[in-house]
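Below is the file target-v6.pdb, which contains PDB, C-alpha atoms.
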ATOM      1  CA  MET A   1     -18.335 -24.881 -15.756
ATOM      2  CA  ILE A   2     -19.660 -21.578 -14.508
ATOM      3  CA  VAL A   3     -17.346 -19.883 -17.026
ATOM      4  CA  ALA A   4     -19.904 -20.765 -19.711
ATOM      5  CA  ASN A   5     -22.308 -18.357 -18.008
ATOM      6  CA  TYR A   6     -19.733 -15.572 -18.181
ATOM      7  CA  VAL A   7     -19.119 -16.297 -21.871
ATOM      8  CA  ALA A   8     -22.859 -16.320 -22.596
ATOM      9  CA  ALA A   9     -23.263 -12.991 -20.769
ATOM     10  CA  GLY A  10     -20.442 -11.579 -22.887
ATOM     11  CA  CYS A  11     -22.121 -12.863 -26.057
ATOM     12  CA  VAL A  12     -25.457 -11.245 -25.136
ATOM     13  CA  PHE A  13     -23.631  -7.996 -24.306
ATOM     14  CA  CYS A  14     -21.941  -8.036 -27.716
ATOM     15  CA  ILE A  15     -25.259  -8.722 -29.475
ATOM     16  CA  GLY A  16     -26.787  -5.726 -27.685
ATOM     17  CA  LEU A  17     -23.784  -3.564 -28.538
ATOM     18  CA  PHE A  18     -24.137  -4.590 -32.189
ATOM     19  CA  ALA A  19     -27.786  -3.525 -32.109
ATOM     20  CA  VAL A  20     -26.895  -0.145 -30.586
ATOM     21  CA  VAL A  21     -24.060   0.561 -33.018
ATOM     22  CA  ALA A  22     -25.272  -0.961 -36.291
ATOM     23  CA  ARG A  23     -29.059  -0.523 -36.290
ATOM     24  CA  ARG A  24     -30.708   2.742 -37.281
ATOM     25  CA  ASP A  25     -34.187   2.094 -35.953
ATOM     26  CA  LEU A  26     -34.448   3.903 -32.608
ATOM     27  CA  ILE A  27     -36.641   1.162 -31.085
ATOM     28  CA  LYS A  28     -33.998  -1.413 -32.022
ATOM     29  CA  ILE A  29     -31.354   0.713 -30.322
ATOM     30  CA  VAL A  30     -33.398   0.733 -27.103
ATOM     31  CA  MET A  31     -33.782  -3.052 -27.435
ATOM     32  CA  GLY A  32     -30.014  -3.341 -27.694
ATOM     33  CA  LEU A  33     -29.671  -1.415 -24.435
ATOM     34  CA  SER A  34     -32.182  -3.801 -22.815
ATOM     35  CA  LEU A  35     -30.098  -6.746 -24.018
ATOM     36  CA  MET A  36     -26.962  -5.241 -22.499
ATOM     37  CA  GLU A  37     -28.807  -4.799 -19.186
ATOM     38  CA  ALA A  38     -29.985  -8.432 -19.325
ATOM     39  CA  SER A  39     -26.422  -9.635 -19.846
ATOM     40  CA  THR A  40     -25.469  -7.739 -16.682
ATOM     41  CA  TYR A  41     -28.153  -9.592 -14.704
ATOM     42  CA  LEU A  42     -26.871 -12.943 -15.944
ATOM     43  CA  LEU A  43     -23.282 -12.041 -15.080
ATOM     44  CA  LEU A  44     -24.129 -10.872 -11.534
ATOM     45  CA  VAL A  45     -26.217 -13.939 -10.679
ATOM     46  CA  SER A  46     -23.581 -16.252 -12.148
ATOM     47  CA  MET A  47     -20.890 -14.577 -10.037
ATOM     48  CA  ALA A  48     -23.089 -15.022  -6.957
ATOM     49  CA  TYR A  49     -23.428 -18.776  -7.528
ATOM     50  CA  ARG A  50     -21.210 -21.146  -5.606
ATOM     51  CA  ARG A  51     -20.756 -24.840  -6.350
ATOM     52  CA  GLY A  52     -23.634 -26.843  -4.914
ATOM     53  CA  ALA A  53     -25.158 -23.799  -3.260
ATOM     54  CA  THR A  54     -28.760 -23.258  -2.237
ATOM     55  CA  ALA A  55     -30.771 -20.048  -2.254
ATOM     56  CA  PRO A  56     -29.735 -17.528   0.449
ATOM     57  CA  LEU A  57     -32.754 -17.932   2.735
ATOM     58  CA  LEU A  58     -31.143 -17.766   6.151
ATOM     59  CA  SER A  59     -34.074 -18.205   8.547
ATOM     60  CA  ASN A  60     -32.957 -21.799   9.207
ATOM     61  CA  PRO A  61     -29.953 -23.674   7.822
ATOM     62  CA  PRO A  62     -30.731 -26.345   5.209
ATOM     63  CA  SER A  63     -31.143 -29.843   6.618
ATOM     64  CA  GLY A  64     -27.861 -31.498   7.537
ATOM     65  CA  GLU A  65     -25.910 -28.233   7.687
ATOM     66  CA  SER A  66     -25.031 -26.055  10.647
ATOM     67  CA  GLN A  67     -25.082 -22.261  10.764
ATOM     68  CA  GLN A  68     -21.292 -22.284  10.280
ATOM     69  CA  ASP A  69     -21.616 -24.192   6.992
ATOM     70  CA  VAL A  70     -24.062 -21.568   5.774
ATOM     71  CA  VAL A  71     -21.732 -18.732   6.723
ATOM     72  CA  HIS A  72     -18.821 -20.451   4.986
ATOM     73  CA  GLY A  73     -20.453 -20.680   1.630
ATOM     74  CA  THR A  74     -23.107 -23.342   1.068
ATOM     75  CA  VAL A  75     -25.500 -20.603  -0.020
ATOM     76  CA  SER A  76     -25.019 -18.327  -3.000
ATOM     77  CA  ASP A  77     -23.797 -14.786  -2.353
ATOM     78  CA  PRO A  78     -26.782 -12.588  -1.351
ATOM     79  CA  VAL A  79     -24.901  -9.312  -1.870
ATOM     80  CA  LEU A  80     -24.444  -9.816  -5.612
ATOM     81  CA  GLN A  81     -28.013 -11.020  -5.948
ATOM     82  CA  ASN A  82     -29.208  -7.802  -4.317
ATOM     83  CA  PHE A  83     -27.062  -5.842  -6.774
ATOM     84  CA  CYS A  84     -28.861  -7.717  -9.535
ATOM     85  CA  LEU A  85     -32.270  -6.908  -8.032
ATOM     86  CA  THR A  86     -31.369  -3.216  -7.933
ATOM     87  CA  ALA A  87     -30.104  -3.381 -11.515
ATOM     88  CA  ILE A  88     -33.405  -4.893 -12.700
ATOM     89  CA  VAL A  89     -35.460  -2.085 -11.148
ATOM     90  CA  ILE A  90     -33.164   0.624 -12.496
ATOM     91  CA  GLY A  91     -33.132  -1.088 -15.897
ATOM     92  CA  ILE A  92     -36.895  -0.944 -16.370
ATOM     93  CA  ALA A  93     -36.903   2.755 -15.373
ATOM     94  CA  VAL A  94     -34.114   3.538 -17.863
ATOM     95  CA  THR A  95     -35.988   1.650 -20.596
ATOM     96  CA  ALA A  96     -39.128   3.677 -19.893
ATOM     97  CA  VAL A  97     -37.208   6.956 -20.118
ATOM     98  CA  PHE A  98     -35.533   5.941 -23.399
ATOM     99  CA  LEU A  99     -38.848   4.859 -24.939
ATOM    100  CA  THR A 100     -40.414   8.201 -23.957
ATOM    101  CA  LEU A 101     -37.515   9.983 -25.659
ATOM    102  CA  VAL A 102     -37.924   7.831 -28.780
ATOM    103  CA  VAL A 103     -41.640   8.634 -28.971
ATOM    104  CA  ARG A 104     -40.952  12.366 -28.661
ATOM    105  CA  VAL A 105     -38.198  12.246 -31.291
ATOM    106  CA  ALA A 106     -40.425  10.266 -33.647
ATOM    107  CA  GLN A 107     -43.283  12.726 -33.247
ATOM    108  CA  HIS A 108     -40.976  15.684 -33.805
ATOM    109  CA  TYR A 109     -39.043  14.412 -36.826
ATOM    110  CA  ARG A 110     -41.828  12.159 -38.241
ATOM    111  CA  SER A 111     -39.298   9.314 -38.399
ATOM    112  CA  VAL A 112     -37.813   6.606 -36.170
ATOM    113  CA  ASP A 113     -34.587   6.539 -38.176
ATOM    114  CA  ALA A 114     -31.596   7.696 -36.138
ATOM    115  CA  ALA A 115     -30.054   9.291 -39.236
ATOM    116  CA  ASP A 116     -33.004  11.679 -39.529
ATOM    117  CA  ALA A 117     -32.542  13.236 -36.079
ATOM    118  CA  THR A 118     -30.222  15.957 -37.304
ATOM    119  CA  ALA A 119     -30.696  18.809 -34.802
ATOM    120  CA  LEU A 120     -27.410  18.196 -32.953
ATOM    121  CA  ARG A 121     -25.349  17.115 -35.954
ATOM    122  CA  GLY A 122     -22.012  18.893 -36.109
TER     123      GLY A 122
ATOM    124  CA  MET B  11     -28.338 -32.417 -14.345
ATOM    125  CA  PHE B  12     -27.596 -28.932 -13.055
ATOM    126  CA  TRP B  13     -25.158 -28.169 -15.831
ATOM    127  CA  ALA B  14     -27.478 -29.590 -18.495
ATOM    128  CA  LEU B  15     -30.240 -27.216 -17.399
ATOM    129  CA  ASP B  16     -27.750 -24.355 -17.166
ATOM    130  CA  TYR B  17     -26.372 -24.872 -20.666
ATOM    131  CA  LEU B  18     -29.883 -25.263 -22.082
ATOM    132  CA  CYS B  19     -30.904 -21.930 -20.546
ATOM    133  CA  LEU B  20     -27.741 -20.235 -21.817
ATOM    134  CA  LEU B  21     -28.319 -21.511 -25.354
ATOM    135  CA  ALA B  22     -31.925 -20.293 -25.315
ATOM    136  CA  ILE B  23     -30.826 -16.898 -23.960
ATOM    137  CA  VAL B  24     -28.257 -16.347 -26.693
ATOM    138  CA  VAL B  25     -30.648 -17.527 -29.434
ATOM    139  CA  THR B  26     -33.489 -15.258 -28.284
ATOM    140  CA  ALA B  27     -31.080 -12.326 -27.957
ATOM    141  CA  ALA B  28     -29.929 -12.856 -31.537
ATOM    142  CA  LEU B  29     -33.566 -13.128 -32.667
ATOM    143  CA  THR B  30     -34.340  -9.833 -30.922
ATOM    144  CA  VAL B  31     -31.747  -8.067 -33.027
ATOM    145  CA  LEU B  32     -32.250  -9.917 -36.318
ATOM    146  CA  LEU B  33     -36.042 -10.026 -36.656
ATOM    147  CA  ARG B  34     -37.461  -7.387 -38.986
ATOM    148  CA  ASN B  35     -40.902  -7.157 -37.418
ATOM    149  CA  LEU B  36     -40.757  -4.926 -34.349
ATOM    150  CA  ALA B  37     -43.621  -6.678 -32.532
ATOM    151  CA  ALA B  38     -41.932 -10.055 -33.054
ATOM    152  CA  SER B  39     -38.715  -8.533 -31.778
ATOM    153  CA  VAL B  40     -40.446  -7.343 -28.599
ATOM    154  CA  LEU B  41     -41.859 -10.836 -28.082
ATOM    155  CA  ALA B  42     -38.383 -12.331 -28.518
ATOM    156  CA  LEU B  43     -37.138  -9.928 -25.823
ATOM    157  CA  SER B  44     -39.985 -11.061 -23.567
ATOM    158  CA  THR B  45     -39.096 -14.705 -24.224
ATOM    159  CA  MET B  46     -35.552 -13.936 -23.214
ATOM    160  CA  GLY B  47     -36.971 -12.627 -19.928
ATOM    161  CA  VAL B  48     -38.742 -15.948 -19.341
ATOM    162  CA  VAL B  49     -35.620 -18.002 -20.077
ATOM    163  CA  LEU B  50     -33.528 -15.665 -17.916
ATOM    164  CA  THR B  51     -36.002 -16.301 -15.075
ATOM    165  CA  ALA B  52     -35.553 -20.066 -15.474
ATOM    166  CA  SER B  53     -31.803 -19.558 -15.445
ATOM    167  CA  PHE B  54     -32.032 -17.565 -12.202
ATOM    168  CA  VAL B  55     -34.031 -20.357 -10.579
ATOM    169  CA  VAL B  56     -31.367 -22.839 -11.667
ATOM    170  CA  LEU B  57     -28.642 -20.567 -10.272
ATOM    171  CA  ALA B  58     -30.296 -20.425  -6.797
ATOM    172  CA  ALA B  59     -31.626 -16.868  -6.958
ATOM    173  CA  PRO B  60     -35.411 -17.126  -6.499
ATOM    174  CA  ASP B  61     -35.905 -13.511  -5.366
ATOM    175  CA  VAL B  62     -34.187 -12.169  -8.466
ATOM    176  CA  ALA B  63     -36.273 -14.582 -10.548
ATOM    177  CA  LEU B  64     -39.490 -13.145  -9.085
ATOM    178  CA  ALA B  65     -38.439  -9.584  -9.904
ATOM    179  CA  GLU B  66     -37.287 -10.575 -13.374
ATOM    180  CA  ILE B  67     -40.498 -12.383 -14.296
ATOM    181  CA  VAL B  68     -42.579  -9.351 -13.328
ATOM    182  CA  VAL B  69     -40.302  -6.831 -15.028
ATOM    183  CA  GLY B  70     -38.953  -8.738 -18.016
ATOM    184  CA  THR B  71     -42.083 -10.621 -18.968
ATOM    185  CA  VAL B  72     -44.908  -8.192 -18.181
ATOM    186  CA  ALA B  73     -43.720  -4.617 -17.695
ATOM    187  CA  MET B  74     -41.083  -4.446 -20.439
ATOM    188  CA  PRO B  75     -43.248  -5.709 -23.359
ATOM    189  CA  VAL B  76     -46.108  -3.468 -22.218
ATOM    190  CA  LEU B  77     -43.775  -0.456 -22.327
ATOM    191  CA  TYR B  78     -42.503  -1.402 -25.789
ATOM    192  CA  PHE B  79     -45.977  -2.033 -27.181
ATOM    193  CA  VAL B  80     -47.277   1.271 -25.816
ATOM    194  CA  ALA B  81     -44.314   3.006 -27.452
ATOM    195  CA  LEU B  82     -44.972   1.223 -30.765
ATOM    196  CA  GLY B  83     -48.616   2.263 -30.615
ATOM    197  CA  LYS B  84     -47.599   5.869 -29.956
ATOM    198  CA  LEU B  85     -45.220   5.779 -32.922
ATOM    199  CA  ARG B  86     -48.039   4.752 -35.237
ATOM    200  CA  THR B  87     -50.323   7.574 -34.117
ATOM    201  CA  VAL B  88     -50.931  10.047 -36.943
ATOM    202  CA  ILE B  89     -49.978  13.638 -36.118
ATOM    203  CA  ARG B  90     -51.474  16.124 -38.559
ATOM    204  CA  GLU B  91     -50.454  19.454 -37.074
ATOM    205  CA  ASN B  92     -47.211  20.257 -35.313
ATOM    206  CA  ALA B  93     -49.268  22.397 -32.947
ATOM    207  CA  ASP B  94     -50.749  19.162 -31.578
ATOM    208  CA  LEU B  95     -47.367  18.312 -30.103
ATOM    209  CA  GLY B  96     -47.396  21.302 -27.772
ATOM    210  CA  GLU B  97     -43.971  22.446 -28.938
ATOM    211  CA  GLU B  98     -43.014  26.052 -29.526
ATOM    212  CA  ARG B  99     -41.637  25.524 -33.022
ATOM    213  CA  GLY B 100     -41.967  22.783 -35.579
ATOM    214  CA  PRO B 101     -39.042  20.942 -37.175
TER     215      PRO B 101
END
Step by step, read the file and then write its structure as structure tokens.
Amino acid sequence: MIVANYVAAGCVFCIGLFAVVARRDLIKIVMGLSLMEASTYLLLVSMAYRRGATAPLLSNPPSGESQQDVVHGTVSDPVLQNFCLTAIVIGIAVTAVFLTLVVRVAQHYRSVDAADATALRG
Amino acid sequence: MFWALDYLCLLAIVVTAALTVLLRNLAASVLALSTMGVVLTASFVVLAAPDVALAEIVVGTVAMPVLYFVALGKLRTVIRENADLGEERGP
């Protein structure tokens, strides 16, 4: 059942959300955001999969199938897979920006504890 | 066979994600995150997405741990003077 993939993606998302909300170490918070991104990749690729599908390489149809079979869904959905590819590239850039911020905050406050970053506290 | 591989990958993904959050040692946590990248790559191959798997193995297994380890090394650098930071005012 492909639904198991959706459930697993939801579980990983919840684990990442727990890390963001409950942990105080700033590095752990960034790791939680990375986990949430990873759950998004799993969800997108699972949604792209079709039963018994092959990879979407459309130069020639797979053996025993015509071009019409390919169009009507014996390959997995390439659009969602390209969304996932874009999400991976954006995800690594976002992680780099967050880690730079964490390093600057840690150098400024001499601490990686989120409770010590008090400049914007109301 | 397909579903056995799929469920195995899903189990490993969830376990490594939990390890990433629960481990105390930050370096071990980064390695757990990297391991999750490897298992996610295997899962993408199983789910018929080889191009995404290629991108994920470069990003999730090589680039991401390098970024985290560089950040951890920067955090452990000793800063004696606030003037070294190049900021206008100290904390």
Problem set entry | Distance in Å - CA of Thr100 (chain A) versus CA of Ala81 (chain B) | 7.4 Å
Problem set entry | Chain and number of each residue from the PyMOL selection byres ((chain A and resi 112) around 10), as a ChimeraX atom specification | /A:24-28,102-111,113-117 /B:85
Selection near Thr30 (chain B), 9 Å with only C-alpha atoms, sequence-local residues under 5 positions removed, as a PDB file with C-alpha atoms, keeping the file's coordinate frame:
ATOM      1  CA  LYS A  28     -33.998  -1.413 -32.022  1.00  0.00           C
ATOM      2  CA  MET A  31     -33.782  -3.052 -27.435  1.00  0.00           C
ATOM      3  CA  GLY A  32     -30.014  -3.341 -27.694  1.00  0.00           C
ATOM      4  CA  LEU A  35     -30.098  -6.746 -24.018  1.00  0.00           C
TER       5      LEU A  35
ATOM      6  CA  VAL B  25     -30.648 -17.527 -29.434  1.00  0.00           C
ATOM      7  CA  LEU B  36     -40.757  -4.926 -34.349  1.00  0.00           C
ATOM      8  CA  ALA B  38     -41.932 -10.055 -33.054  1.00  0.00           C
ATOM      9  CA  SER B  39     -38.715  -8.533 -31.778  1.00  0.00           C
ATOM     10  CA  VAL B  40     -40.446  -7.343 -28.599  1.00  0.00           C
ATOM     11  CA  LEU B  41     -41.859 -10.836 -28.082  1.00  0.00           C
ATOM     12  CA  ALA B  42     -38.383 -12.331 -28.518  1.00  0.00           C
ATOM     13  CA  LEU B  43     -37.138  -9.928 -25.823  1.00  0.00           C
ATOM     14  CA  MET B  46     -35.552 -13.936 -23.214  1.00  0.00           C
TER      15      MET B  46
END
For this session: Output the contact residues of chain A with respect to chain B at a cut-off of 6 Å, based on all atoms listed in the file, as a list in words.
Result: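 Taking all atoms listed in the file into account, Thr54, Ala55 and Leu85 of chain A sit within 6 Å of chain B.
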For this session: Considering all atoms listed in the file, return as a list in words whatever protein or nucleic-acid residues lie within 8 Å of Phe13 (chain A), sequence-local ones (same chain, fewer than 5 positions apart) excluded.
Result: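 Selected residues are Leu35, Met36, Glu37, Ser39 and Thr40 of chain A.
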Exercise. Quick one, how far is CA of Leu99 (chain A) from CA of Tyr41 (chain A)?
Worked result: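 It comes out at 20.7 Å.
Rounded to one decimal, CA of Gly10 (chain A) and CA of Ala38 (chain A) lie 10.7 Å from each other.
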For this session: Go through A:Leu33, A:Ala22, A:Val3, A:Ile88 and flag the residue nearest Ser46 (chain A), using only C-alpha atoms for the distances.
Result: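 Counting only C-alpha atoms, the residue closest to Ser46 (chain A) is A:Val3.
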Could you give me the centre and size, in Å to one decimal, of an axis-aligned box around all listed atoms of region 42-58 of chain B with 6 Å added on every side, as AutoDock Vina command-line options?
--center_x -34.3 --center_y -16.4 --center_z -17.7 --size_x 23.3 --size_y 24.9 --size_z 33.7
